[in-house]
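Student: Have a peek at coords_3.txt (compact mmCIF, C-alpha atoms).
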```txt
# COMPACT_ATOMS: atom_id res chain seq x y z
CA MET A 1 10.46 -10.96 1.35
CA LEU A 2 8.07 -11.47 4.25
CA ARG A 3 6.21 -8.31 5.29
CA VAL A 4 5.22 -8.32 8.97
CA GLY A 5 3.09 -5.74 10.71
CA LEU A 6 3.88 -5.27 14.41
CA THR A 7 1.28 -3.36 16.37
CA GLY A 8 0.15 -2.69 19.91
CA GLY A 9 -1.57 -0.01 21.90
CA LEU A 10 -0.10 2.78 23.99
CA GLY A 11 2.49 1.44 26.44
CA SER A 12 2.30 -2.13 25.19
CA GLY A 13 6.05 -2.23 24.58
CA LYS A 14 6.00 -2.70 20.81
CA SER A 15 9.16 -0.62 20.37
CA THR A 16 11.00 -2.96 22.75
CA VAL A 17 9.63 -5.92 20.79
CA ALA A 18 10.72 -4.30 17.53
CA ALA A 19 14.27 -3.95 18.87
CA LEU A 20 14.25 -7.65 19.77
CA PHE A 21 13.17 -8.53 16.24
CA ALA A 22 16.03 -6.44 14.90
CA ALA A 23 18.39 -8.43 17.12
CA CYS A 24 16.97 -11.57 15.48
CA GLY A 25 18.01 -10.30 12.08
CA ALA A 26 14.82 -8.61 10.90
CA TYR A 27 14.77 -5.29 9.09
CA VAL A 28 12.67 -2.97 11.24
CA LEU A 29 10.83 0.11 10.00
CA SER A 30 9.26 2.42 12.59
CA ALA A 31 6.13 4.25 11.50
CA ASP A 32 6.66 6.75 14.32
CA ALA A 33 10.22 7.51 13.21
CA ILE A 34 9.10 7.96 9.62
CA GLY A 35 6.29 10.22 10.82
CA ARG A 36 8.76 12.37 12.76
CA GLU A 37 10.85 12.79 9.61
CA MET A 38 7.77 13.94 7.71
CA MET A 39 6.79 16.42 10.41
CA GLN A 40 9.99 18.42 10.01
CA PRO A 41 9.81 22.00 8.68
CA GLY A 42 9.79 22.10 4.90
CA GLN A 43 7.97 18.78 4.55
CA PRO A 44 4.46 18.68 3.01
CA VAL A 45 3.05 16.87 6.06
CA TYR A 46 4.39 19.60 8.36
CA ALA A 47 2.71 22.29 6.27
CA ALA A 48 -0.57 20.36 6.08
CA ILE A 49 -0.70 19.88 9.85
CA LEU A 50 -0.21 23.57 10.57
CA GLU A 51 -2.75 24.52 7.93
CA ALA A 52 -5.31 22.17 9.46
CA PHE A 53 -4.82 22.97 13.15
CA ALA A 54 -2.69 26.04 13.90
CA GLY A 55 -5.40 28.51 12.89
CA GLU A 56 -8.10 27.01 15.11
CA PRO A 57 -9.17 29.44 17.87
CA ASP A 58 -8.80 26.80 20.58
CA ALA A 59 -5.40 25.50 19.38
CA PRO A 60 -2.34 26.03 21.58
CA PRO A 61 1.00 27.04 20.03
CA LEU A 62 1.98 24.06 17.87
CA THR A 63 5.54 25.01 16.97
CA LEU A 64 8.70 25.21 19.04
CA PRO A 65 10.97 28.30 19.11
CA GLY A 66 13.13 26.87 16.31
CA GLY A 67 10.12 26.29 14.08
CA GLY A 68 9.81 22.56 14.63
CA LEU A 69 6.46 20.99 15.35
CA ASP A 70 5.60 20.58 19.03
CA ARG A 71 4.42 16.99 18.69
CA ALA A 72 3.48 16.68 22.37
CA ALA A 73 1.26 19.78 22.24
CA LEU A 74 -0.27 18.60 18.97
CA ALA A 75 -1.03 15.17 20.43
CA ARG A 76 -2.66 16.65 23.54
CA TYR A 77 -4.77 18.97 21.40
CA VAL A 78 -6.08 16.41 18.91
CA PHE A 79 -6.87 13.83 21.59
CA ALA A 80 -8.58 16.38 23.84
CA THR A 81 -10.69 17.77 20.99
CA GLY A 82 -11.45 14.48 19.25
CA ARG A 83 -9.52 15.50 16.13
CA ILE A 84 -7.08 12.61 16.09
CA GLY A 85 -8.81 11.23 13.00
CA ALA A 86 -8.18 14.45 11.10
CA LEU A 87 -4.49 14.31 12.01
CA ASN A 88 -4.23 10.65 11.02
CA ARG A 89 -5.75 11.37 7.61
CA ILE A 90 -2.91 13.80 6.97
CA VAL A 91 -0.07 11.66 8.33
CA HIS A 92 -1.03 8.06 7.57
CA PRO A 93 -1.05 8.10 3.75
CA ALA A 94 2.38 9.75 3.58
CA VAL A 95 3.90 7.42 6.19
CA VAL A 96 2.47 4.29 4.57
CA ALA A 97 3.71 5.36 1.14
CA GLU A 98 7.21 5.80 2.56
CA GLN A 99 7.00 2.42 4.29
CA GLN A 100 6.11 0.83 0.97
CA ARG A 101 9.00 2.58 -0.77
CA ARG A 102 11.50 1.43 1.86
CA MET A 103 10.19 -2.14 1.81
CA ALA A 104 10.56 -2.24 -1.96
CA ALA A 105 14.17 -1.08 -1.63
CA ILE A 106 14.89 -3.78 0.97
CA ALA A 107 13.29 -6.45 -1.22
CA ALA A 108 15.44 -5.41 -4.18
CA ALA A 109 18.61 -5.75 -2.10
CA ASP A 110 17.57 -8.83 -0.09
CA PRO A 111 14.71 -10.86 -1.61
CA ASP A 112 14.62 -13.19 1.42
CA ALA A 113 14.36 -10.36 3.93
CA LEU A 114 12.11 -10.42 6.99
CA VAL A 115 10.76 -6.87 7.28
CA VAL A 116 8.92 -5.80 10.42
CA VAL A 117 6.92 -2.56 10.31
CA GLU A 118 6.28 -1.23 13.81
CA SER A 119 3.08 0.82 13.81
CA ALA A 120 0.57 1.55 16.56
CA LEU A 121 -2.31 2.18 14.16
CA ILE A 122 -2.32 -0.60 11.56
CA PHE A 123 -5.96 -1.45 12.24
CA GLU A 124 -7.06 2.11 12.93
CA ALA A 125 -5.63 3.34 9.62
CA GLU A 126 -7.73 0.81 7.74
CA GLN A 127 -10.83 1.68 9.77
CA GLU A 128 -10.46 5.33 8.78
CA GLY A 129 -10.03 4.38 5.12
CA SER A 130 -7.01 6.65 4.66
CA VAL A 131 -4.59 3.93 3.50
CA PRO A 132 -4.74 0.48 1.86
CA GLY A 133 -5.89 -2.34 4.13
CA PHE A 134 -3.47 -4.34 6.24
CA HIS A 135 -4.15 -7.47 4.19
CA GLU A 136 -2.67 -5.71 1.16
CA ARG A 137 0.40 -4.43 3.01
CA PHE A 138 1.37 -7.33 5.28
CA ASP A 139 1.81 -11.08 5.04
CA ARG A 140 1.70 -11.59 8.82
CA LEU A 141 0.47 -9.54 11.78
CA ILE A 142 1.78 -9.52 15.36
CA LEU A 143 -0.01 -7.87 18.28
CA VAL A 144 1.79 -6.87 21.48
CA THR A 145 -0.50 -6.78 24.51
CA ALA A 146 -0.31 -5.86 28.18
CA PRO A 147 -2.86 -5.01 30.91
CA GLU A 148 -4.21 -1.48 30.64
CA GLU A 149 -2.90 -0.32 34.01
CA THR A 150 0.56 -1.60 33.11
CA ARG A 151 0.41 0.32 29.85
CA ILE A 152 -0.66 3.52 31.61
CA GLY A 153 2.18 3.12 34.10
CA ARG A 154 4.69 2.78 31.27
CA PHE A 155 3.28 5.87 29.57
CA LEU A 156 3.65 7.91 32.77
CA ALA A 157 7.22 6.68 33.27
CA ARG A 158 8.15 7.57 29.68
CA VAL A 159 6.61 11.03 29.76
CA SER A 160 7.99 11.92 33.19
CA GLY A 161 11.49 10.77 32.29
CA GLY A 162 11.99 9.44 35.80
CA ARG A 163 10.91 12.68 37.48
CA VAL A 164 8.57 12.37 40.47
CA LEU A 165 5.15 13.61 39.39
CA THR A 166 2.86 15.79 41.47
CA GLY A 167 -0.64 14.47 42.13
CA GLU A 168 -2.10 16.88 39.60
CA GLU A 169 0.46 15.97 36.95
CA ARG A 170 -0.21 12.27 37.45
CA THR A 171 -3.96 12.78 37.16
CA LEU A 172 -3.66 14.79 33.96
CA LEU A 173 -1.27 12.28 32.39
CA GLU A 174 -3.48 9.35 33.34
CA GLN A 175 -6.43 11.12 31.71
CA ASP A 176 -4.33 11.72 28.61
CA ALA A 177 -3.32 8.05 28.48
CA ARG A 178 -6.89 6.85 28.83
CA ARG A 179 -8.03 9.18 26.04
CA ARG A 180 -5.33 7.78 23.78
CA ILE A 181 -6.22 4.19 24.62
CA ALA A 182 -9.92 4.89 24.04
CA ALA A 183 -9.08 6.21 20.56
CA GLN A 184 -7.53 2.86 19.61
CA ILE A 185 -9.35 -0.34 18.68
CA PRO A 186 -9.39 -2.73 21.68
CA ASP A 187 -6.95 -5.63 21.57
CA ALA A 188 -9.81 -8.13 21.78
CA GLN A 189 -11.04 -6.95 18.38
CA LYS A 190 -7.55 -7.17 16.84
CA ILE A 191 -6.54 -10.61 18.07
CA PRO A 192 -8.69 -12.62 15.59
CA PHE A 193 -6.85 -10.95 12.69
CA CYS A 194 -3.34 -11.52 14.08
CA ASP A 195 -1.05 -14.45 13.41
CA PHE A 196 0.87 -14.04 16.67
CA VAL A 197 0.15 -12.37 20.02
CA ILE A 198 3.06 -11.39 22.28
CA GLU A 199 2.03 -10.80 25.88
CA ASN A 200 4.31 -8.21 27.50
CA SER A 201 3.64 -8.14 31.21
CA GLY A 202 6.41 -10.46 32.42
CA SER A 203 10.17 -10.23 32.61
CA ALA A 204 12.54 -9.05 29.91
CA ASP A 205 13.77 -12.64 29.48
CA GLU A 206 10.22 -13.93 28.99
CA LEU A 207 9.60 -11.26 26.36
CA LYS A 208 12.84 -12.09 24.56
CA GLN A 209 11.93 -15.78 24.48
CA GLN A 210 8.52 -15.03 22.99
CA VAL A 211 10.05 -12.85 20.27
CA GLU A 212 12.68 -15.46 19.43
CA ARG A 213 9.99 -18.13 19.04
CA VAL A 214 7.90 -15.91 16.78
CA CYS A 215 10.94 -14.86 14.76
CA ALA A 216 11.92 -18.50 14.23
CA ALA A 217 8.38 -19.35 13.11
CA LEU A 218 8.35 -16.46 10.64
CA LYS A 219 11.71 -17.44 9.16
CA ALA A 220 10.56 -21.07 8.88
CA GLY A 221 7.57 -19.94 6.84
```
Taking this structure as input, can you express it in the form of structure tokens?
Tutor:
Amino acid sequence: MLRVGLTGGLGSGKSTVAALFAACGAYVLSADAIGREMMQPGQPVYAAILEAFAGEPDAPPLTLPGGGLDRAALARYVFATGRIGALNRIVHPAVVAEQQRRMAAIAAADPDALVVVESALIFEAEQEGSVPGFHERFDRLILVTAPEETRIGRFLARVSGGRVLTGEERTLLEQDARRRIAAQIPDAQKIPFCDFVIENSGSADELKQQVERVCAALKAG
């Protein structure tokens, strides 16, 4: 089994790239999807998050009417208050452990599998020391990049859902995006550690061609 880490900053398009790898025959595991599962009521991560943040005097309501975690409100709060590291130290170890469990299950069923783990914070998790280093978890690393303004534009489009934003809404969302980007290690510092860099500022066809070339190289060993 070849274990591949796929990473990229906010709005880089790594989820789109992950879907293209799946179309090439790779098994794809999404760290964000696993994290969402672990943030459901009744899960230890859910309880730990509320214990850590819900009682803070400056914290907004962090749960939805049905009891689920309001992930958008939580994200705004931890980025605005500089507590993203505290949240990551709760979530990362559990998510990585589940990634490892799922990769082991795939390897048992398909020893020649190409497994791609899509995760925004592969480097940041190691920097914080909350999980094993990326060299222990992955055989290859891929970074998805795009210009910062392009990434911010994609973030605004995703959050707005196609709705026309007011000037104030746009300003607040741009500030939120820049805070999130600032909390991540710059691409220039990640590139030397990556085996492949996929630049995602062109057309969908150009992106697909890049992914197909990388996928072929990974399968060829």
Student: Between A:Ala86, A:Ile191, A:Ala52, A:Val78, which one has atoms that come closest to Arg179 of chain A, using all atoms listed in the file?
Tutor: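 When distances to Arg179 of chain A are compared using all atoms listed in the file, the smallest one comes from A:Val78.
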Student: Have a look at A:Leu50, A:Ala19, A:Val96, A:Val144 and name the one nearest to Asn200 of chain A; count only C-alpha atoms.
Tutor: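 Closest to Asn200 of chain A, using only C-alpha atoms: A:Val144.
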Student: Residues at most 10 Å from segment 150-156 of chain A, counting only C-alpha atoms, excluding those fewer than 2 positions away in the same chain, as a list in words?
Tutor: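 Near segment 150-156 of chain A, the qualifying residues are Gly9, Leu10, Gly11, Ser12, Gly13, Thr145, Ala146, Pro147, Glu148, Arg158, Val159, Ser160, Gly161, Gly162, Arg163, Leu165, Glu169, Arg170, Leu173, Glu174, Gln175, Asp176, Ala177, Arg178, Ile181, Asn200 and Ser201 of chain A.
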Student: I want to know what sits within 9 Å of Gly35 of chain A, based on only C-alpha atoms, with residues of the same chain fewer than 2 positions away left out; could you give that as a short mmCIF file (atom, residue, chain, number, x, y, z; two decimals) with C-alpha atoms, keeping the file's coordinate frame?
Tutor:
```
data_model
loop_
_atom_site.label_atom_id
_atom_site.label_comp_id
_atom_site.auth_asym_id
_atom_site.auth_seq_id
_atom_site.Cartn_x
_atom_site.Cartn_y
_atom_site.Cartn_z
CA SER A 30 9.26 2.42 12.59
CA ALA A 31 6.13 4.25 11.50
CA ASP A 32 6.66 6.75 14.32
CA ALA A 33 10.22 7.51 13.21
CA GLU A 37 10.85 12.79 9.61
CA MET A 38 7.77 13.94 7.71
CA MET A 39 6.79 16.42 10.41
CA VAL A 45 3.05 16.87 6.06
CA VAL A 91 -0.07 11.66 8.33
CA HIS A 92 -1.03 8.06 7.57
CA ALA A 94 2.38 9.75 3.58
CA VAL A 95 3.90 7.42 6.19
#
```
Student: Could you please determine the separation between atom CA of Ala59 of chain A and atom CA of Leu74 of chain A in Å, to one decimal place?
Tutor: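 Atom-to-atom, atom CA of Ala59 of chain A and atom CA of Leu74 of chain A are spaced 8.6 Å apart.
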Student: Counting all atoms listed in the file, figure out which residue out of A:Leu121, A:Leu141, A:Ala216, A:Ala23 gets nearest to Ala183 of chain A.
Tutor: A:Leu121
Student: Nearest to Gly8 of chain A: which of A:Ile49, A:Leu207, A:Ile185, A:Cys215 is it, counting all atoms listed in the file?
Tutor: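 Among the listed residues, A:Ile185 lies closest to Gly8 of chain A.
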Student: Taking all atoms listed in the file into account, name the residue in A:Ala182, A:Ala157, A:Ile84, A:Leu218 that is nearest to Phe196 of chain A.
Tutor: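 Nearest candidate to Phe196 of chain A out of A:Ala182, A:Ala157, A:Ile84, A:Leu218: A:Leu218.
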Student: Report the distance between atom CA of Gln184 of chain A and atom CA of Ile122 of chain A in Å, rounded to one decimal place.
Tutor: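 Straight-line distance from atom CA of Gln184 of chain A to atom CA of Ile122 of chain A works out to 10.2 Å.
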Student: Any idea what the distance is between atom CA of Ala18 of chain A and atom CA of Gln127 of chain A?
Tutor: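 That distance, rounded to one decimal, is 23.7 Å.
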Student: Could you check which of A:Ala97, A:Ala125, A:Ala80, A:Ala48 is closest to Leu172 of chain A, using only C-alpha atoms?
Tutor: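 Nearest candidate to Leu172 of chain A out of A:Ala97, A:Ala125, A:Ala80, A:Ala48: A:Ala80.
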Student: Extract, using all atoms listed in the file, all DNA, RNA and protein residues at most 7 Å from Gln40 of chain A, discarding same-chain residues fewer than 4 positions from it, and format them as an NGL selection string.
Tutor: :A and (36 or 46 or 68-69)
Student: Tell me which protein, DNA and RNA residues are within 7 Å of Cys194 of chain A, counting only C-alpha atoms, leaving out same-chain ones fewer than 4 positions away, and put them as a list in words.
Tutor: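 Listing them by chain and then by number gives Leu141, Ile142, Leu143 and Lys190 of chain A.
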